[in-house]
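Chemist: Encoded as structure tokens, here's the structure I'll be asking about.
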Amino acid sequence: MKVKVSRKAHFNAAHRLYRSDWDLEQNTAVFGLCSNPNFHGHNYDLIVSVTGEIDQETGFVMDMKVLKDLIKSEIEDSFDHKNLNIEVPEFKNLNPTSENIAVVIYNKLRPHIATEKDIEVVLYETPRNFVTYTGA
Ligand code: NI
């Protein structure tokens with residue numbers, strides 16, 4: 001019997017979507033407002049879910065306090081109120097799209113959560129646009 005537990009989190013961050021090998025016109029055509037050369041911010045909402053067996057001693061799939069602290073130390077402390085392109089090393093050479101941010105979040109959390117548990121990262125860039133990564 002497997003159960004999925006989820007924790008919501010939040011961070012504000014600035015970014016710019018662009019390719020340095022494209023000119024401004026092409027970047028604007030593909031990335032729109034998100035390619036503003038002066039950057040812009042998003043209020044990101046994050047839902048991290050962990051799926052696994054219920055521990056028979058505790059009744060938990062995972063201690064939510066541990067998950068909360070992990071999201072804080074690994075994600076919020078690194079991303080919140082940061083310019084992702086400039087201040088977060090993972091995006092030095094990686095376009096900070098929602099897709100890529102979700103993958104980076106997954107990869108930062110994965111080593112800290114027991115391997116027999118599955119992780120799902122859902123990242124909202126806006127209330128209507130969100131992406132999901134499960135490590136596949
Ligand atoms: Ni944007």
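Residues in the structure tokens are named by chain (A, B, ... in the order shown) and by number from 1 within that chain; ligands are numbered from 1 in the order shown.
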I want to know what sits within 9 Å of Phe31 in chain A, based on only C-alpha atoms, with residues of the same chain fewer than 6 positions away left out; could you give that as a PyMOL selection string?

Modeler: chain A and resi 16-18

Chemist: Find the residues near Leu94 in chain A: any atom within 12 Å, counting only C-alpha atoms, skip ones fewer than 6 places away on the same chain, and give them as a ChimeraX atom specification.

Modeler: /A:15-20,84-86,88,100-101,103-104

Chemist: Please dump the current selection as a compact mmCIF listing (two decimals), in the first residue's frame; keep N, CA, C and O atoms.

Modeler:
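Generated file (again.txt):
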# COMPACT_ATOMS: atom_id res chain seq x y z
N HIS A 15 14.12 35.90 -13.48
CA HIS A 15 14.83 35.15 -14.52
C HIS A 15 14.73 35.87 -15.86
O HIS A 15 14.02 36.85 -16.02
N ARG A 16 15.49 35.36 -16.78
CA ARG A 16 15.37 35.75 -18.19
C ARG A 16 15.57 34.49 -19.02
O ARG A 16 16.56 33.76 -18.83
N LEU A 17 14.65 34.25 -19.92
CA LEU A 17 14.79 33.13 -20.85
C LEU A 17 15.43 33.63 -22.13
O LEU A 17 14.92 34.56 -22.76
N TYR A 18 16.56 33.08 -22.48
CA TYR A 18 17.19 33.48 -23.74
C TYR A 18 18.29 32.49 -24.10
O TYR A 18 18.77 31.71 -23.28
N ARG A 19 18.64 32.53 -25.34
CA ARG A 19 19.82 31.80 -25.83
C ARG A 19 20.81 32.84 -26.32
O ARG A 19 20.47 33.71 -27.12
N SER A 20 22.05 32.71 -25.85
CA SER A 20 23.05 33.70 -26.23
C SER A 20 23.42 33.59 -27.71
O SER A 20 23.96 34.54 -28.29
N LEU A 84 17.77 33.91 -10.88
CA LEU A 84 18.15 32.52 -11.18
C LEU A 84 19.31 32.46 -12.16
O LEU A 84 20.24 31.66 -11.99
N ASN A 85 19.29 33.30 -13.20
CA ASN A 85 20.35 33.27 -14.21
C ASN A 85 21.71 33.59 -13.62
O ASN A 85 22.72 32.98 -13.98
N ILE A 86 21.73 34.57 -12.70
CA ILE A 86 22.99 35.12 -12.22
C ILE A 86 23.45 34.48 -10.92
O ILE A 86 24.64 34.25 -10.71
N VAL A 88 22.16 31.55 -9.25
CA VAL A 88 21.99 30.12 -8.97
C VAL A 88 22.84 29.34 -9.98
O VAL A 88 22.56 29.36 -11.18
N ASN A 100 13.02 23.32 -16.71
CA ASN A 100 14.37 23.12 -16.19
C ASN A 100 14.46 23.38 -14.68
O ASN A 100 15.21 22.69 -13.98
N ILE A 101 13.70 24.34 -14.18
CA ILE A 101 13.70 24.59 -12.74
C ILE A 101 13.16 23.37 -12.00
O ILE A 101 13.70 22.95 -10.97
N VAL A 103 13.28 20.25 -12.92
CA VAL A 103 14.29 19.18 -12.96
C VAL A 103 15.41 19.47 -11.95
O VAL A 103 15.86 18.57 -11.22
N VAL A 104 15.84 20.72 -11.89
CA VAL A 104 16.90 21.09 -10.93
C VAL A 104 16.41 20.85 -9.50
O VAL A 104 17.16 20.31 -8.66

Chemist: Could you build a table of the residues in chain A lying no more than 9 Å from ligand 1, giving for each the nearest pair of atoms and their separation in Å rounded to one decimal place, using only C-alpha atoms and all ligand atoms, ordered by chain and ascending residue number, as a Markdown table?

Modeler:
| residue | atom | partner | partner_atom_place_in_ligand_line | distance |
| --- | --- | --- | --- | --- |
| A:Ala14 | CA | ligand 1 | 1 (Ni) | 7.6 |
| A:His15 | CA | ligand 1 | 1 (Ni) | 6.1 |
| A:Arg16 | CA | ligand 1 | 1 (Ni) | 6.4 |
| A:Leu17 | CA | ligand 1 | 1 (Ni) | 6.9 |
| A:Phe31 | CA | ligand 1 | 1 (Ni) | 8.4 |
| A:Gly32 | CA | ligand 1 | 1 (Ni) | 8.7 |
| A:Leu33 | CA | ligand 1 | 1 (Ni) | 6.8 |
| A:Cys34 | CA | ligand 1 | 1 (Ni) | 3.9 |
| A:Ser35 | CA | ligand 1 | 1 (Ni) | 7.3 |
| A:Asn36 | CA | ligand 1 | 1 (Ni) | 8.6 |
| A:Phe39 | CA | ligand 1 | 1 (Ni) | 8.1 |
| A:His40 | CA | ligand 1 | 1 (Ni) | 6.4 |
| A:Gly41 | CA | ligand 1 | 1 (Ni) | 6.6 |
| A:His42 | CA | ligand 1 | 1 (Ni) | 6.4 |
| A:Pro96 | CA | ligand 1 | 1 (Ni) | 8.6 |
| A:Thr97 | CA | ligand 1 | 1 (Ni) | 7.6 |
| A:Ser98 | CA | ligand 1 | 1 (Ni) | 8.6 |
| A:Glu125 | CA | ligand 1 | 1 (Ni) | 7.6 |

Chemist: Which of these, A:Thr126, A:Thr28, A:Asn43, A:Ser73, has the shortest distance to Leu109 in chain A once you count only C-alpha atoms?

Modeler: A:Ser73

Chemist: I'd like the contact shell of His10 in chain A - 8 Å cut-off, only C-alpha atoms, skipping same-chain residues fewer than 4 positions apart - returned as a list in words.

Modeler: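 Listed by chain and then number, they are Asn43, Tyr44, Asp45, Leu46 and Glu76 of chain A.
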
Chemist: For Ile47 in chain A, which residue out of A:Lys92, A:His112, A:Lys117, A:Lys68 is the nearest one, using only C-alpha atoms?

Modeler: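 The closest residue to Ile47 in chain A is A:Lys68.
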
Chemist: Mind the document's chain letters and residue numbers, and return as a PyMOL selection string the residues of range 50-117 of chain A that DSSP labels helix (DSSP H, G or I).

Modeler: chain A and resi 64-79+84-87+89-91+98-112

Chemist: Enter the distance from CA of Tyr133 in chain A to CA of Thr51 in chain A, in Å, rounded to one decimal.

Modeler: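 Between these atoms lies a distance of 13.7 Å.
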
Chemist: Which residues in range 3-133 of chain A does DSSP call strand (DSSP E)? List them as a PyMOL selection string.

Modeler: chain A and resi 3-15+40-53+82-83+118-124+130-133

Chemist: Atoms to include: N, CA, C and O atoms. Write the selected residues as a compact mmCIF listing (two decimals), in the first residue's frame.

Modeler:
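File written: again-v1.txt
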# COMPACT_ATOMS: atom_id res chain seq x y z
N VAL A 3 1.27 5.44 -0.32
CA VAL A 3 0.55 6.70 -0.09
C VAL A 3 1.44 7.85 -0.53
O VAL A 3 2.66 7.81 -0.33
N LYS A 4 0.82 8.86 -1.14
CA LYS A 4 1.56 10.06 -1.57
C LYS A 4 1.31 11.19 -0.57
O LYS A 4 0.15 11.51 -0.30
N VAL A 5 2.39 11.75 -0.04
CA VAL A 5 2.27 12.91 0.86
C VAL A 5 2.89 14.10 0.15
O VAL A 5 3.85 13.96 -0.62
N SER A 6 2.34 15.28 0.38
CA SER A 6 2.78 16.46 -0.37
C SER A 6 2.98 17.66 0.55
O SER A 6 2.26 17.82 1.53
N ARG A 7 3.94 18.47 0.17
CA ARG A 7 4.24 19.69 0.90
C ARG A 7 4.28 20.85 -0.10
O ARG A 7 4.94 20.76 -1.14
N LYS A 8 3.58 21.93 0.23
CA LYS A 8 3.59 23.13 -0.61
C LYS A 8 4.66 24.10 -0.12
O LYS A 8 4.86 24.24 1.09
N ALA A 9 5.30 24.76 -1.06
CA ALA A 9 6.29 25.78 -0.71
C ALA A 9 6.20 26.90 -1.74
O ALA A 9 5.43 26.82 -2.71
N HIS A 10 7.00 27.91 -1.52
CA HIS A 10 6.88 29.11 -2.34
C HIS A 10 8.22 29.82 -2.40
O HIS A 10 8.95 29.83 -1.42
N PHE A 11 8.53 30.38 -3.57
CA PHE A 11 9.67 31.28 -3.64
C PHE A 11 9.43 32.32 -4.73
O PHE A 11 8.70 32.08 -5.69
N ASN A 12 10.02 33.48 -4.54
CA ASN A 12 10.01 34.53 -5.57
C ASN A 12 11.38 34.53 -6.21
O ASN A 12 12.39 34.48 -5.49
N ALA A 13 11.41 34.61 -7.53
CA ALA A 13 12.71 34.66 -8.19
C ALA A 13 12.60 35.39 -9.52
O ALA A 13 11.53 35.43 -10.13
N ALA A 14 13.72 35.95 -9.93
CA ALA A 14 13.80 36.63 -11.22
C ALA A 14 14.48 35.71 -12.23
O ALA A 14 15.28 34.85 -11.86
N HIS A 15 14.12 35.90 -13.48
CA HIS A 15 14.83 35.15 -14.52
C HIS A 15 14.73 35.87 -15.86
O HIS A 15 14.02 36.85 -16.02
N HIS A 40 12.82 39.74 -14.98
CA HIS A 40 11.49 39.97 -14.39
C HIS A 40 11.26 38.86 -13.38
O HIS A 40 11.97 37.84 -13.40
N GLY A 41 10.28 39.02 -12.53
CA GLY A 41 10.09 38.04 -11.46
C GLY A 41 8.84 37.20 -11.61
O GLY A 41 7.92 37.55 -12.35
N HIS A 42 8.84 36.07 -10.93
CA HIS A 42 7.66 35.22 -10.81
C HIS A 42 7.49 34.82 -9.35
O HIS A 42 8.48 34.68 -8.62
N ASN A 43 6.24 34.61 -8.97
CA ASN A 43 5.94 34.01 -7.67
C ASN A 43 5.73 32.52 -7.92
O ASN A 43 4.67 32.11 -8.38
N TYR A 44 6.76 31.75 -7.64
CA TYR A 44 6.69 30.32 -7.92
C TYR A 44 6.03 29.58 -6.75
O TYR A 44 6.39 29.82 -5.59
N ASP A 45 5.10 28.72 -7.07
CA ASP A 45 4.56 27.80 -6.08
C ASP A 45 5.07 26.41 -6.40
O ASP A 45 5.12 26.01 -7.57
N LEU A 46 5.43 25.72 -5.36
CA LEU A 46 6.07 24.42 -5.51
C LEU A 46 5.31 23.39 -4.67
O LEU A 46 4.98 23.67 -3.51
N ILE A 47 5.06 22.24 -5.26
CA ILE A 47 4.49 21.14 -4.49
C ILE A 47 5.42 19.94 -4.67
O ILE A 47 5.64 19.49 -5.80
N VAL A 48 5.98 19.49 -3.57
CA VAL A 48 6.85 18.31 -3.60
C VAL A 48 6.08 17.16 -2.97
O VAL A 48 5.60 17.28 -1.83
N SER A 49 5.95 16.06 -3.71
CA SER A 49 5.24 14.89 -3.20
C SER A 49 6.19 13.71 -3.08
O SER A 49 7.08 13.53 -3.92
N VAL A 50 5.97 12.93 -2.05
CA VAL A 50 6.77 11.74 -1.80
C VAL A 50 5.80 10.57 -1.68
O VAL A 50 4.85 10.64 -0.90
N THR A 51 6.06 9.53 -2.46
CA THR A 51 5.18 8.35 -2.44
C THR A 51 5.96 7.16 -1.92
O THR A 51 7.09 6.89 -2.36
N GLY A 52 5.35 6.44 -0.96
CA GLY A 52 6.02 5.26 -0.44
C GLY A 52 5.12 4.51 0.53
O GLY A 52 3.96 4.89 0.75
N GLU A 53 5.67 3.46 1.08
CA GLU A 53 4.94 2.65 2.07
C GLU A 53 4.82 3.43 3.38
O GLU A 53 5.71 4.22 3.72
N LYS A 82 16.18 35.45 -5.49
CA LYS A 82 17.42 35.41 -6.27
C LYS A 82 17.12 35.66 -7.75
O LYS A 82 16.00 35.43 -8.21
N ASN A 83 18.14 36.09 -8.46
CA ASN A 83 18.11 36.09 -9.91
C ASN A 83 18.64 34.72 -10.35
O ASN A 83 19.82 34.42 -10.15
N ASP A 118 9.28 7.47 -4.18
CA ASP A 118 9.20 8.24 -5.42
C ASP A 118 8.94 9.71 -5.11
O ASP A 118 8.21 10.02 -4.16
N ILE A 119 9.52 10.57 -5.91
CA ILE A 119 9.35 12.02 -5.73
C ILE A 119 8.66 12.60 -6.96
O ILE A 119 8.94 12.19 -8.09
N GLU A 120 7.78 13.55 -6.71
CA GLU A 120 7.14 14.31 -7.79
C GLU A 120 7.29 15.79 -7.48
O GLU A 120 7.00 16.21 -6.36
N VAL A 121 7.73 16.54 -8.44
CA VAL A 121 7.87 17.99 -8.29
C VAL A 121 6.88 18.67 -9.23
O VAL A 121 6.89 18.42 -10.44
N VAL A 122 6.00 19.48 -8.66
CA VAL A 122 5.08 20.29 -9.46
C VAL A 122 5.44 21.75 -9.20
O VAL A 122 5.49 22.19 -8.04
N LEU A 123 5.73 22.47 -10.27
CA LEU A 123 6.16 23.87 -10.14
C LEU A 123 5.20 24.76 -10.92
O LEU A 123 5.02 24.59 -12.13
N TYR A 124 4.60 25.72 -10.21
CA TYR A 124 3.72 26.72 -10.83
C TYR A 124 4.52 27.98 -11.08
O TYR A 124 5.03 28.58 -10.13
N PHE A 130 1.84 25.37 -15.04
CA PHE A 130 2.65 24.56 -14.14
C PHE A 130 3.19 23.34 -14.85
O PHE A 130 2.65 22.91 -15.87
N VAL A 131 4.31 22.84 -14.33
CA VAL A 131 4.98 21.69 -14.92
C VAL A 131 5.21 20.63 -13.85
O VAL A 131 5.25 20.94 -12.66
N THR A 132 5.34 19.39 -14.29
CA THR A 132 5.52 18.26 -13.38
C THR A 132 6.71 17.45 -13.81
O THR A 132 6.87 17.16 -15.01
N TYR A 133 7.59 17.10 -12.85
CA TYR A 133 8.71 16.20 -13.15
C TYR A 133 8.79 15.11 -12.09
O TYR A 133 8.72 15.40 -10.89

Chemist: May I ask for the distance between CA of Lys65 in chain A and CA of His81 in chain A, given in Å to one decimal place?

Modeler: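 Distance between the two atoms: 23.1 Å.
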
Chemist: Work out how far CA of Glu74 in chain A is from CA of Pro127 in chain A, in Å to one decimal.

Modeler: 23.2 Å

Chemist: Which is closest to Glu99 in chain A among A:Asn129, A:Thr115, A:Ser78, A:Gln56, if we use only C-alpha atoms?

Modeler: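 Smallest distance to Glu99 in chain A is found for A:Asn129.
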